[in-house]
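The data block below is target-v9.cif; it holds mmCIF, C-alpha atoms (C1' of nucleotides).
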data_target
#
loop_
_atom_site.label_atom_id
_atom_site.label_comp_id
_atom_site.auth_asym_id
_atom_site.auth_seq_id
_atom_site.Cartn_x
_atom_site.Cartn_y
_atom_site.Cartn_z
CA MET I 661 3.89 -4.03 4.53
CA THR I 662 5.53 -0.71 4.77
CA GLU I 663 4.94 0.14 8.36
CA LYS I 664 7.35 -2.61 9.42
CA ASN I 665 6.83 -4.79 12.43
CA ASN I 666 5.03 -3.79 15.57
CA HIS I 667 6.51 -3.65 19.02
CA ASN I 668 9.25 -1.21 18.22
CA GLN I 669 8.49 2.37 19.08
CA CYS I 670 5.35 4.15 20.14
CA PRO I 671 1.98 2.46 20.53
CA MET I 672 0.50 4.64 17.81
CA GLU I 673 2.77 3.15 15.19
CA SER I 674 1.86 -0.31 16.31
CA ILE I 675 -1.89 0.19 16.16
CA LEU I 676 -1.63 1.94 12.81
CA GLY I 677 0.25 -1.06 11.50
CA GLN I 678 -2.66 -3.25 12.51
CA ILE I 679 -5.66 -1.31 11.31
CA MET I 680 -4.23 0.81 8.52
CA GLY I 681 -3.81 -0.14 4.97
CA PRO I 682 -6.21 -0.41 2.09
CA TRP I 683 -9.70 -1.64 3.01
CA THR I 684 -8.83 -2.69 6.54
CA PRO I 685 -10.48 0.13 8.46
CA TYR I 686 -13.51 -0.09 6.26
CA ILE I 687 -13.92 -3.76 7.10
CA LEU I 688 -13.70 -2.89 10.79
CA TRP I 689 -16.25 -0.18 10.26
CA LEU I 690 -18.68 -2.59 8.62
CA LEU I 691 -18.27 -5.12 11.38
CA SER I 692 -18.55 -2.49 14.04
CA ASN I 693 -22.01 -1.65 12.73
CA GLU I 694 -23.37 -5.09 12.11
CA ASP I 695 -21.74 -7.27 14.74
CA LYS I 696 -21.63 -10.29 12.43
CA LEU I 697 -21.19 -10.67 8.71
CA ARG I 698 -20.55 -13.54 6.37
CA PHE I 699 -17.70 -13.43 3.93
CA GLY I 700 -20.08 -12.94 1.05
CA GLU I 701 -21.85 -10.11 2.81
CA ILE I 702 -18.66 -8.22 3.39
CA SER I 703 -17.70 -8.84 -0.19
CA ALA I 704 -21.04 -7.55 -1.41
CA ARG I 705 -20.61 -4.35 0.60
CA MET I 706 -17.18 -3.84 -0.89
CA PRO I 707 -17.55 -4.68 -4.56
CA ASP I 708 -14.12 -3.39 -5.53
CA ILE I 709 -12.08 -5.67 -3.32
CA SER I 710 -11.18 -9.08 -4.71
CA ALA I 711 -11.73 -12.27 -2.75
CA LYS I 712 -8.01 -12.79 -2.50
CA VAL I 713 -7.33 -9.46 -0.89
CA LEU I 714 -10.39 -9.60 1.31
CA THR I 715 -9.28 -12.97 2.62
CA ASP I 716 -5.85 -11.57 3.28
CA ARG I 717 -7.21 -8.60 5.22
CA LEU I 718 -9.51 -10.77 7.27
CA ARG I 719 -6.68 -13.14 8.13
CA LYS I 720 -4.50 -10.30 9.26
CA LEU I 721 -7.22 -8.78 11.39
CA GLU I 722 -7.83 -12.19 12.87
CA SER I 723 -4.19 -12.70 13.73
CA SER I 724 -4.12 -9.26 15.31
CA GLY I 725 -6.94 -10.39 17.54
CA LEU I 726 -9.40 -7.81 16.25
CA ILE I 727 -11.92 -10.11 14.60
CA ASN I 728 -13.24 -13.61 15.11
CA ARG I 729 -13.62 -16.09 12.33
CA ASP I 730 -16.41 -18.56 12.89
CA TYR I 731 -16.29 -21.38 10.37
CA GLN I 732 -19.34 -23.60 10.19
CA PRO I 733 -18.73 -26.74 8.15
CA THR I 734 -22.15 -26.68 6.54
CA VAL I 735 -22.54 -27.33 2.84
CA PRO I 736 -21.81 -24.96 1.38
CA PRO I 737 -19.74 -23.58 4.24
CA THR I 738 -20.78 -20.62 6.33
CA VAL I 739 -18.17 -18.29 7.71
CA ASN I 740 -19.09 -15.48 10.02
CA TYR I 741 -16.84 -12.63 10.99
CA SER I 742 -17.32 -10.45 14.00
CA LEU I 743 -15.30 -8.10 16.14
CA THR I 744 -13.48 -9.39 19.17
CA ALA I 745 -13.72 -7.53 22.45
CA ARG I 746 -10.61 -5.68 21.45
CA GLY I 747 -12.01 -4.93 18.04
CA THR I 748 -15.06 -3.29 19.54
CA GLU I 749 -12.81 -0.86 21.34
CA LEU I 750 -12.30 0.83 18.00
CA HIS I 751 -15.96 1.60 17.63
CA GLY I 752 -15.73 5.04 19.19
CA VAL I 753 -12.82 6.04 17.03
CA LEU I 754 -14.49 4.81 13.88
CA GLU I 755 -17.68 6.59 14.77
CA GLY I 756 -15.80 9.79 15.39
CA LEU I 757 -14.11 9.45 12.05
CA ASN I 758 -17.41 8.81 10.36
CA LYS I 759 -18.89 11.95 11.87
CA VAL I 760 -16.03 14.00 10.52
CA ALA I 761 -16.40 12.29 7.17
CA ILE I 762 -20.09 13.14 6.99
CA ARG I 763 -19.44 16.75 7.95
CA TRP I 764 -16.77 17.19 5.29
CA ASP I 765 -18.93 15.49 2.75
CA GLU I 766 -21.76 17.91 3.39
CA GLU I 767 -19.41 20.88 3.24
CA ASP I 768 -17.92 19.66 0.00
CA ARG I 769 -21.32 19.16 -1.51
CA GLN I 770 -22.32 22.70 -0.70
CA GLN I 771 -19.09 24.04 -2.15
CA LEU I 772 -19.70 22.03 -5.24
CA SER I 773 -23.25 23.14 -5.72
CA ALA I 774 -22.09 26.73 -5.16
CA GLY I 775 -20.02 26.38 -8.30
CA LYS I 776 -16.56 26.29 -6.76
CA PRO I 777 -14.00 23.90 -8.24
CA VAL I 778 -12.81 20.98 -6.21
CA ILE I 779 -10.08 21.53 -3.71
CA ALA I 780 -10.75 23.11 -0.37
CA ALA I 781 -7.82 24.87 1.28
CA GLU I 782 -7.20 26.33 4.74
CA MET X 311 -3.80 3.85 -4.70
CA THR X 312 -6.17 1.07 -4.06
CA GLU X 313 -9.06 2.86 -2.50
CA LYS X 314 -9.91 4.45 -5.86
CA ASN X 315 -11.21 7.94 -6.24
CA ASN X 316 -13.27 9.80 -3.71
CA HIS X 317 -16.76 11.17 -4.22
CA ASN X 318 -18.33 7.86 -5.13
CA GLN X 319 -20.09 6.17 -2.28
CA CYS X 320 -20.18 6.78 1.42
CA PRO X 321 -18.26 9.56 3.18
CA MET X 322 -16.28 7.02 5.17
CA GLU X 323 -14.65 5.63 2.07
CA SER X 324 -13.74 9.09 0.95
CA ILE X 325 -12.10 10.15 4.19
CA LEU X 326 -10.25 6.87 4.45
CA GLY X 327 -8.88 7.45 0.98
CA GLN X 328 -7.46 10.75 2.17
CA ILE X 329 -5.92 9.88 5.50
CA MET X 330 -5.22 6.19 5.14
CA GLY X 331 -2.24 4.60 3.65
CA PRO X 332 1.27 4.05 4.92
CA TRP X 333 2.64 6.85 7.11
CA THR X 334 -0.14 9.32 6.42
CA PRO X 335 -2.02 9.12 9.70
CA TYR X 336 1.20 9.19 11.62
CA ILE X 337 2.20 12.43 9.93
CA LEU X 338 -1.16 13.89 10.88
CA TRP X 339 -0.67 12.68 14.40
CA LEU X 340 2.70 14.39 14.65
CA LEU X 341 1.34 17.64 13.30
CA SER X 342 -1.69 17.45 15.50
CA ASN X 343 0.60 17.45 18.52
CA GLU X 344 3.12 20.06 17.51
CA ASP X 345 1.14 22.49 15.37
CA LYS X 346 4.11 23.22 13.13
CA LEU X 347 7.02 21.11 11.93
CA ARG X 348 9.74 21.52 9.36
CA PHE X 349 10.34 18.88 6.75
CA GLY X 350 13.51 17.78 8.47
CA GLU X 351 11.77 17.53 11.81
CA ILE X 352 9.09 15.25 10.46
CA SER X 353 11.75 13.24 8.73
CA ALA X 354 13.73 12.91 11.97
CA ARG X 355 10.65 11.67 13.83
CA MET X 356 10.04 9.07 11.13
CA PRO X 357 13.46 7.66 10.34
CA ASP X 358 12.12 4.81 8.21
CA ILE X 359 10.35 6.92 5.62
CA SER X 360 12.41 8.11 2.67
CA ALA X 361 12.42 11.74 1.56
CA LYS X 362 10.70 10.78 -1.64
CA VAL X 363 7.78 9.12 0.03
CA LEU X 364 7.52 11.74 2.74
CA THR X 365 7.31 14.45 0.10
CA ASP X 366 4.66 12.49 -1.69
CA ARG X 367 2.54 12.06 1.44
CA LEU X 368 2.87 15.73 2.35
CA ARG X 369 1.83 16.79 -1.15
CA LYS X 370 -1.20 14.56 -1.04
CA LEU X 371 -2.25 15.83 2.36
CA GLU X 372 -1.78 19.35 1.10
CA SER X 373 -3.92 18.76 -1.95
CA SER X 374 -6.59 17.24 0.26
CA GLY X 375 -6.63 20.46 2.22
CA LEU X 376 -5.50 18.86 5.47
CA ILE X 377 -2.11 20.51 5.87
CA ASN X 378 -0.50 23.81 4.96
CA ARG X 379 2.89 24.05 3.35
CA ASP X 380 4.70 27.27 4.23
CA TYR X 381 7.78 27.71 2.08
CA GLN X 382 10.21 30.39 3.21
CA PRO X 383 12.84 31.17 0.56
CA THR X 384 15.64 31.53 3.06
CA VAL X 385 19.05 30.00 2.48
CA PRO X 386 18.91 27.17 3.02
CA PRO X 387 15.15 27.03 2.57
CA THR X 388 12.73 26.60 5.45
CA VAL X 389 9.50 24.74 4.93
CA ASN X 390 6.96 24.47 7.68
CA TYR X 391 4.02 22.12 7.70
CA SER X 392 0.97 22.54 9.86
CA LEU X 393 -2.61 21.33 9.98
CA THR X 394 -5.33 23.31 8.27
CA ALA X 395 -8.56 24.01 10.09
CA ARG X 396 -9.94 20.88 8.53
CA GLY X 397 -6.87 18.94 9.52
CA THR X 398 -7.33 19.84 13.16
CA GLU X 399 -10.76 18.29 13.09
CA LEU X 400 -9.01 14.94 13.12
CA HIS X 401 -7.36 15.63 16.43
CA GLY X 402 -10.08 14.04 18.51
CA VAL X 403 -10.12 10.90 16.43
CA LEU X 404 -6.34 10.59 16.53
CA GLU X 405 -6.30 11.13 20.25
CA GLY X 406 -8.94 8.49 20.72
CA LEU X 407 -6.92 6.10 18.65
CA ASN X 408 -3.81 6.88 20.61
CA LYS X 409 -5.59 6.14 23.88
CA VAL X 410 -6.66 2.75 22.59
CA ALA X 411 -3.13 2.14 21.34
CA ILE X 412 -1.63 2.91 24.72
CA ARG X 413 -4.13 0.67 26.49
CA TRP X 414 -3.43 -2.25 24.18
CA ASP X 415 0.26 -1.68 24.48
CA GLU X 416 0.08 -1.91 28.25
CA GLU X 417 -2.06 -5.01 28.09
CA ASP X 418 0.32 -6.65 25.67
CA ARG X 419 3.29 -5.82 27.83
CA GLN X 420 1.67 -7.46 30.84
CA GLN X 421 0.79 -10.52 28.83
CA LEU X 422 4.34 -10.67 27.61
CA SER X 423 5.91 -10.34 31.01
CA ALA X 424 3.51 -13.01 32.25
CA GLY X 425 5.17 -15.42 29.90
CA LYS X 426 2.42 -15.83 27.35
CA PRO X 427 3.37 -16.04 23.69
CA VAL X 428 2.42 -13.28 21.33
CA ILE X 429 -1.02 -13.34 19.85
CA ALA X 430 -4.02 -12.25 21.86
CA ALA X 431 -7.35 -13.69 20.83
CA GLU X 432 -10.91 -12.82 21.82
"C1'" DG V 1381 36.63 27.99 -4.30
"C1'" DC V 1382 34.93 24.27 -1.56
"C1'" DA V 1383 31.95 22.23 1.88
"C1'" DA V 1384 27.72 22.59 4.45
"C1'" DG V 1385 23.03 22.94 5.04
"C1'" DT V 1386 17.61 22.35 3.64
"C1'" DA V 1387 14.18 20.57 0.93
"C1'" DG V 1388 13.46 18.62 -2.29
"C1'" DT V 1389 13.52 16.18 -7.58
"C1'" DT V 1390 14.81 12.69 -10.88
"C1'" DA V 1391 16.18 8.39 -12.82
"C1'" DC V 1392 16.68 3.74 -12.23
"C1'" DC V 1393 15.75 -0.56 -10.36
"C1'" DT V 1394 13.63 -3.96 -7.11
"C1'" DT V 1395 9.95 -5.51 -4.49
"C1'" DA V 1396 5.32 -5.65 -3.03
"C1'" DT V 1397 0.70 -5.66 -4.14
"C1'" DG V 1398 -3.29 -6.77 -6.46
"C1'" DG V 1399 -6.13 -8.65 -10.32
"C1'" DT V 1400 -7.86 -12.66 -12.98
"C1'" DA V 1401 -8.96 -17.13 -13.82
"C1'" DA V 1402 -9.16 -21.69 -12.51
"C1'" DG V 1403 -9.59 -25.17 -9.11
"C1'" DT V 1404 -11.43 -27.43 -4.51
"C1'" DA V 1405 -14.62 -29.49 -1.15
"C1'" DA V 1406 -19.17 -31.39 0.01
"C1'" DT V 1407 -23.90 -32.00 -0.72
"C1'" DG V 1408 -28.67 -31.24 -2.32
"C1'" DA V 1409 -31.55 -30.15 -6.31
"C1'" DG V 1410 -33.10 -31.26 -10.91
"C1'" DC O 58 -24.71 -36.97 -13.87
"C1'" DT O 59 -24.22 -32.30 -13.54
"C1'" DC O 60 -24.91 -27.76 -11.64
"C1'" DA O 61 -25.11 -24.60 -8.07
"C1'" DT O 62 -23.50 -22.87 -3.79
"C1'" DT O 63 -19.77 -20.69 -0.40
"C1'" DA O 64 -15.45 -19.53 0.89
"C1'" DC O 65 -11.73 -19.80 -0.20
"C1'" DT O 66 -6.60 -21.14 -2.46
"C1'" DT O 67 -3.24 -21.22 -6.06
"C1'" DA O 68 -0.65 -19.87 -10.06
"C1'" DC O 69 0.47 -16.48 -13.05
"C1'" DC O 70 1.03 -11.95 -14.55
"C1'" DA O 71 0.82 -6.69 -14.60
"C1'" DT O 72 1.18 -2.64 -12.18
"C1'" DA O 73 2.17 0.21 -8.32
"C1'" DA O 74 4.99 1.51 -4.69
"C1'" DG O 75 9.13 2.34 -2.60
"C1'" DG O 76 14.36 2.46 -1.99
"C1'" DT O 77 18.88 4.43 -3.34
"C1'" DA O 78 21.93 7.49 -5.25
"C1'" DA O 79 22.89 11.54 -7.58
"C1'" DC O 80 21.77 16.19 -8.48
"C1'" DT O 81 19.71 21.17 -7.88
"C1'" DA O 82 19.53 25.86 -5.79
"C1'" DC O 83 21.49 29.56 -2.99
"C1'" DT O 84 24.29 31.72 0.38
"C1'" DT O 85 27.37 31.70 4.45
"C1'" DG O 86 31.59 30.29 6.60
"C1'" DC O 87 36.38 28.75 6.18
#
Show me the file's structure as structure tokens.
Amino acid sequence: MTEKNNHNQCPMESILGQIMGPWTPYILWLLSNEDKLRFGEISARMPDISAKVLTDRLRKLESSGLINRDYQPTVPPTVNYSLTARGTELHGVLEGLNKVAIRWDEEDRQQLSAGKPVIAAE
Amino acid sequence: MTEKNNHNQCPMESILGQIMGPWTPYILWLLSNEDKLRFGEISARMPDISAKVLTDRLRKLESSGLINRDYQPTVPPTVNYSLTARGTELHGVLEGLNKVAIRWDEEDRQQLSAGKPVIAAE
DNA sequence: GCAAGTAGTTACCTTATGGTAAGTAATGAG
DNA sequence: CTCATTACTTACCATAAGGTAACTACTTGC
């Protein structure tokens, strides 16, 4: 990790350390929309992440208290992930971010179809 | 980068690719509160980031169109960074995140002073 | 004429991160 | 008896990311 340990300075740094990093917020976003997903379902929605890394992210989110891991010892095993109460508190933020994302995406599309290059400034 | 290129799938992935990653959202958070900061000021507020990495993050944010770089050829040089119009659109999201961060921080402090260990579950 | 000050850049090296492939457990199907 | 299934774990290796130190430019102050 680059963002060091938590509990040092401002709360913002601490929360960023928990939810930032590759894939992590996207996982939260998926779970915040579907309330329960199996490992394989998450994996299918994120084809570019390897099982190793996905496991790692899920473990970290679990130890931060943001997601629950529900292991059912069926054969083959069933593991469901869902947001904790704390995890659901991020829903509003993630939704807000998604709205911005959609807006920018639309703007960029229009720019693109208008013939302009790629980068939008100012 | 791990989150690959942009413009593939959903807008969320694209925006996360731009603002995610170590330090980046914190830089945006700083700029979204102070509307203009010199390189050295950002650096002072983030003592753990090296000049090399900070430069890299600022360049990437600039090329994403989220911040402006205003280089004044004084001696010694003055370089001011500020959010672009697009960059300011993240203010609400960052503020929302900060509110959650502060709430969790308070909760964790109370748990801590109540004697409980470290990790909060469910 | 030497140091200071800002905002970097560059080279070099170490560490962290991530991918791939193989293995594991338990059981039901064929 | 073997395969398929799920959700991993482990070992091994390649690449990416980041730190440190040194260096640049230009002018003012001493």
query: When distances are computed from only C-alpha atoms, which of X:Gln420, X:Gln328, X:Thr388, X:Thr394 shows the smallest separation from chain I?
result: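 Checking each of X:Gln420, X:Gln328, X:Thr388, X:Thr394 against chain I, counting only C-alpha atoms, the winner is X:Thr394.
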If the PyMOL selection byres ((chain I) within 12 of (chain V)) is run on the structure shown, which residues does it catch, given as a PDB file with C-alpha atoms, in the coordinates of the input?
ATOM      1  CA  MET I 661       3.890  -4.030   4.530  1.00  0.00           C
ATOM      2  CA  THR I 662       5.530  -0.710   4.770  1.00  0.00           C
ATOM      3  CA  GLY I 681      -3.810  -0.140   4.970  1.00  0.00           C
ATOM      4  CA  PRO I 682      -6.210  -0.410   2.090  1.00  0.00           C
ATOM      5  CA  ASP I 708     -14.120  -3.390  -5.530  1.00  0.00           C
ATOM      6  CA  ILE I 709     -12.080  -5.670  -3.320  1.00  0.00           C
ATOM      7  CA  SER I 710     -11.180  -9.080  -4.710  1.00  0.00           C
ATOM      8  CA  ALA I 711     -11.730 -12.270  -2.750  1.00  0.00           C
ATOM      9  CA  LYS I 712      -8.010 -12.790  -2.500  1.00  0.00           C
ATOM     10  CA  VAL I 713      -7.330  -9.460  -0.890  1.00  0.00           C
ATOM     11  CA  LEU I 714     -10.390  -9.600   1.310  1.00  0.00           C
ATOM     12  CA  ASP I 716      -5.850 -11.570   3.280  1.00  0.00           C
ATOM     13  CA  PRO I 733     -18.730 -26.740   8.150  1.00  0.00           C
ATOM     14  CA  THR I 734     -22.150 -26.680   6.540  1.00  0.00           C
ATOM     15  CA  VAL I 735     -22.540 -27.330   2.840  1.00  0.00           C
ATOM     16  CA  PRO I 736     -21.810 -24.960   1.380  1.00  0.00           C
ATOM     17  CA  PRO I 737     -19.740 -23.580   4.240  1.00  0.00           C
TER      18      PRO I 737
END
Hits of the PyMOL selection byres ((chain X) within 9 of (chain I)) in this structure, as a ChimeraX atom specification: /X:311-314,317,320-327,330-333,335-336,339,358,372-378,393-397,399-400,402-415,429-432
Residues in the PyMOL selection byres ((chain O) within 10 of (chain X)), expressed as a VMD selection string: chain O and resid 73 to 77 82 to 85
Could you write out as JSON the box around range 1389-1405 of chain V (axis-aligned, all atoms listed in the file, 6 Å on each side), with centre and edge lengths in Å to one decimal?
{"center_x": 1.0, "center_y": -6.7, "center_z": -7.5, "size_x": 43.3, "size_y": 57.7, "size_z": 24.7}
task: Go ahead and compute the interatomic distance for CA of Leu347 in chain X and CA of Leu371 in chain X, in Å to one decimal.
output: 14.3 Å
message: Please return as an MDAnalysis selection string every residue within 6 Å of (1.5, 26.7, 6.4), taking into account all atoms listed in the file and the file's own coordinates.
response: chainID X and resid 378:380 391:392
task: For CA of Val389 in chain X and C1' of DC87 in chain O, quote the distance in Å rounded to one decimal.
output: 27.2 Å
- request: Could you check how far CA of Arg348 in chain X sits from CA of Tyr381 in chain X, in Å to one decimal?
  value: 9.8 Å
